[in-house]
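Asks: Structure file structure.cif (mmCIF, C-alpha atoms) is given on the next line.
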data_data
loop_
_atom_site.label_atom_id
_atom_site.label_comp_id
_atom_site.auth_asym_id
_atom_site.auth_seq_id
_atom_site.Cartn_x
_atom_site.Cartn_y
_atom_site.Cartn_z
CA MET G 1 22.23 -34.34 19.28
CA GLU G 2 19.19 -35.00 21.42
CA ILE G 3 17.52 -31.93 22.96
CA GLN G 4 15.30 -32.40 26.01
CA ILE G 5 13.23 -29.54 27.40
CA HIS G 6 11.65 -29.98 30.83
CA ALA G 7 9.42 -27.37 32.49
CA ARG G 8 8.14 -26.87 36.03
CA ASN G 9 5.39 -24.33 36.83
CA LEU G 10 5.63 -23.19 33.23
CA THR G 11 4.01 -24.03 29.90
CA VAL G 12 6.36 -24.44 26.96
CA ASN G 13 4.42 -22.98 24.04
CA ASP G 14 5.49 -23.23 20.39
CA ARG G 15 7.19 -19.82 20.45
CA LEU G 16 9.35 -20.73 23.46
CA HIS G 17 10.06 -24.23 22.10
CA ASN G 18 11.22 -22.87 18.72
CA TYR G 19 13.32 -20.17 20.41
CA VAL G 20 15.04 -22.71 22.66
CA GLU G 21 15.70 -25.17 19.82
CA LYS G 22 17.15 -22.40 17.64
CA LYS G 23 19.53 -21.39 20.45
CA LEU G 24 20.54 -24.93 21.42
CA ASN G 25 21.05 -26.25 17.89
CA ARG G 26 23.99 -23.86 17.55
CA LEU G 27 25.94 -25.52 20.37
CA ASP G 28 27.27 -28.39 18.27
CA ARG G 29 29.13 -25.93 16.05
CA TYR G 30 31.37 -25.05 19.00
CA LEU G 31 31.70 -28.45 20.68
CA PRO G 32 31.62 -31.60 18.53
CA HIS G 33 30.00 -34.90 19.45
CA ILE G 34 27.33 -33.53 21.78
CA SER G 35 25.12 -36.48 22.62
CA GLU G 36 22.55 -34.86 24.89
CA VAL G 37 21.36 -31.37 25.75
CA ARG G 38 18.91 -30.95 28.61
CA LEU G 39 17.26 -27.65 29.47
CA ASP G 40 15.27 -27.40 32.68
CA LEU G 41 13.00 -24.37 32.84
CA ALA G 42 11.05 -23.25 35.89
CA HIS G 43 9.07 -20.30 37.12
CA GLU G 44 9.04 -19.45 40.82
CA HIS G 45 6.72 -17.21 42.80
CA ARG G 46 8.76 -15.92 45.72
CA LYS G 47 7.32 -14.85 49.06
CA ASN G 48 9.10 -11.49 48.97
CA GLY G 49 7.12 -10.42 45.92
CA GLY G 50 8.97 -10.83 42.66
CA ASP G 51 8.78 -13.80 40.35
CA ARG G 52 11.83 -15.30 38.73
CA SER G 53 12.58 -17.66 35.90
CA ILE G 54 15.16 -20.40 36.26
CA ALA G 55 17.02 -22.07 33.42
CA GLN G 56 19.54 -24.88 33.89
CA LEU G 57 21.36 -26.21 30.85
CA THR G 58 23.24 -29.53 30.98
CA LEU G 59 25.31 -30.73 28.05
CA ARG G 60 26.92 -34.16 27.64
CA ASN G 61 29.30 -35.18 24.89
CA SER G 62 30.31 -38.64 23.70
CA ARG G 63 33.46 -38.58 25.87
CA GLY G 64 31.36 -38.33 29.01
CA THR G 65 32.12 -34.67 29.65
CA ILE G 66 29.31 -32.85 31.43
CA LEU G 67 29.00 -29.07 31.24
CA ARG G 68 26.34 -27.24 33.22
CA ALA G 69 25.15 -23.64 33.40
CA GLU G 70 22.33 -22.11 35.44
CA ASP G 71 20.61 -18.75 35.67
CA LYS G 72 18.21 -17.60 38.37
CA SER G 73 18.52 -13.84 37.97
CA GLN G 74 15.92 -13.07 35.29
CA THR G 75 12.17 -12.55 35.46
CA ASP G 76 11.56 -13.33 31.76
CA ILE G 77 12.08 -16.93 30.63
CA PHE G 78 13.47 -15.84 27.24
CA ALA G 79 16.09 -13.66 28.95
CA SER G 80 16.93 -16.54 31.25
CA VAL G 81 17.49 -18.83 28.25
CA ASP G 82 19.77 -16.20 26.66
CA VAL G 83 21.84 -15.84 29.84
CA VAL G 84 22.20 -19.59 30.38
CA VAL G 85 23.28 -20.15 26.75
CA ASP G 86 25.88 -17.38 27.10
CA LYS G 87 27.15 -19.04 30.28
CA MET G 88 27.37 -22.34 28.39
CA TYR G 89 29.42 -20.64 25.67
CA ARG G 90 31.89 -19.59 28.37
CA GLN G 91 31.93 -23.14 29.77
CA ILE G 92 32.66 -24.56 26.29
CA SER G 93 35.39 -21.98 25.74
CA ARG G 94 36.96 -22.82 29.10
CA TYR G 95 36.78 -26.56 28.36
CA LYS G 96 38.38 -26.14 24.93
CA GLY G 97 41.09 -23.90 26.41
CA LYS G 98 41.98 -26.49 29.04
CA ARG G 99 42.16 -29.26 26.44
CA ARG G 100 44.34 -27.02 24.24
CA ARG G 101 46.71 -26.19 27.11
CA ARG G 102 47.04 -29.83 28.15
CA ALA G 103 47.75 -31.05 24.60
CA GLY G 104 50.18 -28.21 23.84
CA ASN G 105 51.62 -28.26 20.31
CA ARG G 106 49.91 -31.59 19.57
CA PHE G 107 46.37 -30.21 20.01
CA GLU G 108 45.45 -30.42 16.30
CA THR G 109 46.60 -34.04 16.05
CA LEU G 110 45.22 -35.23 19.40
CA GLU G 111 41.93 -33.31 19.21
CA PRO G 112 41.15 -32.81 15.48
CA GLU G 113 37.37 -32.41 15.96
CA LEU G 114 37.80 -29.95 18.80
CA ALA G 115 40.44 -27.99 16.89
CA ALA G 116 38.19 -27.79 13.82
CA ALA G 117 35.17 -26.54 15.79
CA GLU G 118 34.23 -22.88 15.48
CA ALA G 119 35.36 -20.38 18.08
CA VAL G 120 32.72 -19.61 20.68
CA PRO G 121 30.98 -16.24 20.09
CA ILE G 122 31.82 -14.55 23.40
CA GLU G 123 33.95 -11.61 24.29
CA GLN G 124 37.38 -12.93 25.12
CA GLU G 125 37.96 -12.65 28.82
CA GLU G 126 41.07 -10.89 30.02
CA ALA G 127 43.99 -13.23 30.73
CA GLU G 128 42.26 -16.41 31.79
CA GLU G 129 43.80 -17.51 35.03
CA THR G 130 45.18 -21.00 35.41
CA ALA G 131 43.88 -23.29 38.09
CA GLU G 132 46.30 -23.63 40.94
CA ILE G 133 46.05 -25.59 44.15
CA VAL G 134 46.84 -23.08 46.87
CA ARG G 135 46.24 -25.27 49.90
CA ARG G 136 46.29 -28.96 50.74
CA LYS G 137 44.74 -30.40 53.82
CA GLN G 138 44.70 -33.92 55.19
CA ILE G 139 41.58 -35.06 56.97
CA GLU G 140 40.91 -38.01 59.22
CA LEU G 141 37.82 -39.95 58.20
CA VAL G 142 35.89 -41.22 61.17
CA PRO G 143 32.98 -43.63 60.50
CA MET G 144 29.67 -41.86 61.17
CA THR G 145 26.05 -41.83 60.08
CA GLU G 146 24.59 -39.21 57.74
CA GLU G 147 22.84 -37.48 60.66
CA GLU G 148 26.12 -37.26 62.60
CA ALA G 149 27.79 -35.82 59.49
CA ILE G 150 25.10 -33.12 59.24
CA ASP G 151 25.63 -32.23 62.90
CA GLN G 152 29.41 -32.11 62.42
CA MET G 153 29.10 -29.91 59.32
CA GLU G 154 26.80 -27.51 61.17
CA LEU G 155 29.21 -27.34 64.11
CA LEU G 156 32.09 -26.50 61.77
CA GLY G 157 30.04 -23.93 59.85
CA HIS G 158 31.08 -25.38 56.45
CA ASP G 159 29.03 -25.79 53.27
CA PHE G 160 30.34 -29.32 52.70
CA PHE G 161 31.71 -32.19 54.74
CA VAL G 162 33.68 -35.31 53.73
CA PHE G 163 33.07 -38.38 55.87
CA TYR G 164 33.23 -42.17 55.94
CA ASN G 165 29.64 -43.40 55.87
CA ALA G 166 29.33 -46.17 58.46
CA ASN G 167 26.11 -47.46 56.83
CA SER G 168 27.40 -47.81 53.26
CA GLY G 169 31.10 -48.33 54.03
CA ALA G 170 32.19 -45.65 51.56
CA VAL G 171 33.52 -42.09 51.53
CA ASN G 172 30.69 -39.58 50.99
CA VAL G 173 30.45 -35.81 50.64
CA LEU G 174 27.61 -33.97 52.31
CA TYR G 175 26.82 -30.46 51.08
CA ARG G 176 24.33 -27.67 51.74
CA ARG G 177 22.04 -26.93 48.77
CA GLU G 178 21.20 -23.37 47.72
CA GLY G 179 17.46 -23.99 47.88
CA GLY G 180 17.69 -25.47 51.37
CA GLY G 181 18.31 -28.98 52.58
CA TYR G 182 21.36 -31.13 52.01
CA GLY G 183 22.83 -33.17 49.19
CA LEU G 184 24.90 -36.33 49.50
CA LEU G 185 27.52 -37.37 46.95
CA GLU G 186 28.11 -41.10 46.86
CA PRO G 187 31.08 -41.69 44.52
CA SER G 188 31.48 -44.80 42.41
CA VAL G 189 34.24 -45.71 40.00
CA ALA G 190 33.06 -45.59 36.37
#
Please express the file's structure as structure tokens.

Replies:
Amino acid sequence: MEIQIHARNLTVNDRLHNYVEKKLNRLDRYLPHISEVRLDLAHEHRKNGGDRSIAQLTLRNSRGTILRAEDKSQTDIFASVDVVVDKMYRQISRYKGKRRRRAGNRFETLEPELAAAEAVPIEQEEAEETAEIVRRKQIELVPMTEEEAIDQMELLGHDFFVFYNANSGAVNVLYRREGGGYGLLEPSVA
């Protein structure tokens, strides 16, 4: 398991580095075949006064599964690391639960490594709800430029917009980012 620690507006001293590695080295006990763990740490000075620490944890396993957790609510970087690792535990638990439900009685034979992994150390959430599609909607894709898609999204008042990009000749998804600005998803078949 490769651990990458990246920092912005923050110095990663030995104490923080050792703390992070100790926390992240435990992850492979709960999810086997982790190939990469990336932790992005940042410190922000906000205009309204308070500072905040940001931690974003991205985990990839050998199957190509990507799990991500982020915390922006703490002022202390150590607390932010703790919160983001706890969120990742919940993500791992949710992922393992979905795999278990899909495999049914054959889980131990289909997923022996996952079945043998330790249980995640979190409080069990009350009756995990199953994902259910509650609405389907068909949309008409009209060729347009990215600027036209931004205008259309703003007119609709949505946080995302699916459109056929006239420049690239592909279906794209435009979305509003939390920190301001827009993001563009350009799908490709793996």

Asks: Just the residues within 10 Å of Ile150 of chain G, please, counting all atoms listed in the file, with nothing from its chain fewer than 2 positions along; format it as a VMD selection string.

Replies: chain G and resid 145 to 148 152 to 156 160 to 161 174 to 176 182

Asks: Residues within 12 Å of Met88 of chain G, please, as JSON, numbers by chain. Count all atoms listed in the file; anything in the same chain fewer than 2 positions from it doesn't count.

Replies: {"G": [23, 24, 26, 27, 28, 30, 31, 37, 39, 55, 56, 57, 58, 59, 60, 66, 67, 68, 69, 70, 71, 81, 82, 83, 84, 85, 86, 90, 91, 92, 93, 94, 95, 120, 121, 122]}

Asks: Would you compute an axis-aligned box for segment 85-94 of chain G, covering every atom listed for it in the file with 8 Å of margin on each side, and report centre and edge lengths in Å to one decimal as JSON?

Replies:
{"center_x": 30.1, "center_y": -21.0, "center_z": 28.0, "size_x": 29.7, "size_y": 23.2, "size_z": 20.6}

Asks: Taking the file as I've supplied it (selection: the PyMOL selection byres ((chain G and resi 77) around 10)), which residues are included? Please answer as a list of chain:residue names.

Replies: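 Here the PyMOL selection byres ((chain G and resi 77) around 10) matches G:Leu10, G:Leu16, G:Leu41, G:Ala42, G:His43, G:Arg52, G:Ser53, G:Ile54, G:Ala55, G:Lys72, G:Gln74, G:Thr75, G:Asp76, G:Phe78, G:Ala79, G:Ser80, G:Val81, G:Asp82, G:Val83.
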
Asks: Applied to this file, what does the PyMOL selection byres ((chain G and resi 141) around 12) return in terms of residues, put as a ChimeraX atom specification?

Replies: /G:138-140,142-144,149,161-166,169-173

Asks: Atom CA of Lys96 of chain G and atom CA of Glu178 of chain G are how many Å apart?

Replies: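 Value for the atom CA of Lys96 of chain G-atom CA of Glu178 of chain G distance: 28.7 Å.
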
Asks: Rounded to one decimal place, report the atom CA of Val12 of chain G-atom CA of Asp40 of chain G distance in Å.

Replies: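 A separation of 11.0 Å between them.
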
Asks: In Å, rounded to a single decimal, give me how far atom CA of Pro32 of chain G is from atom CA of Tyr19 of chain G.

Replies: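 For atom CA of Tyr19 of chain G relative to atom CA of Pro32 of chain G, the distance reads 21.7 Å.
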
Asks: Given all atoms listed in the file as the basis, pick out the residue of G:Lys87, G:Arg63, G:Arg106, G:Ser73 nearest to Asp51 of chain G.

Replies: G:Ser73
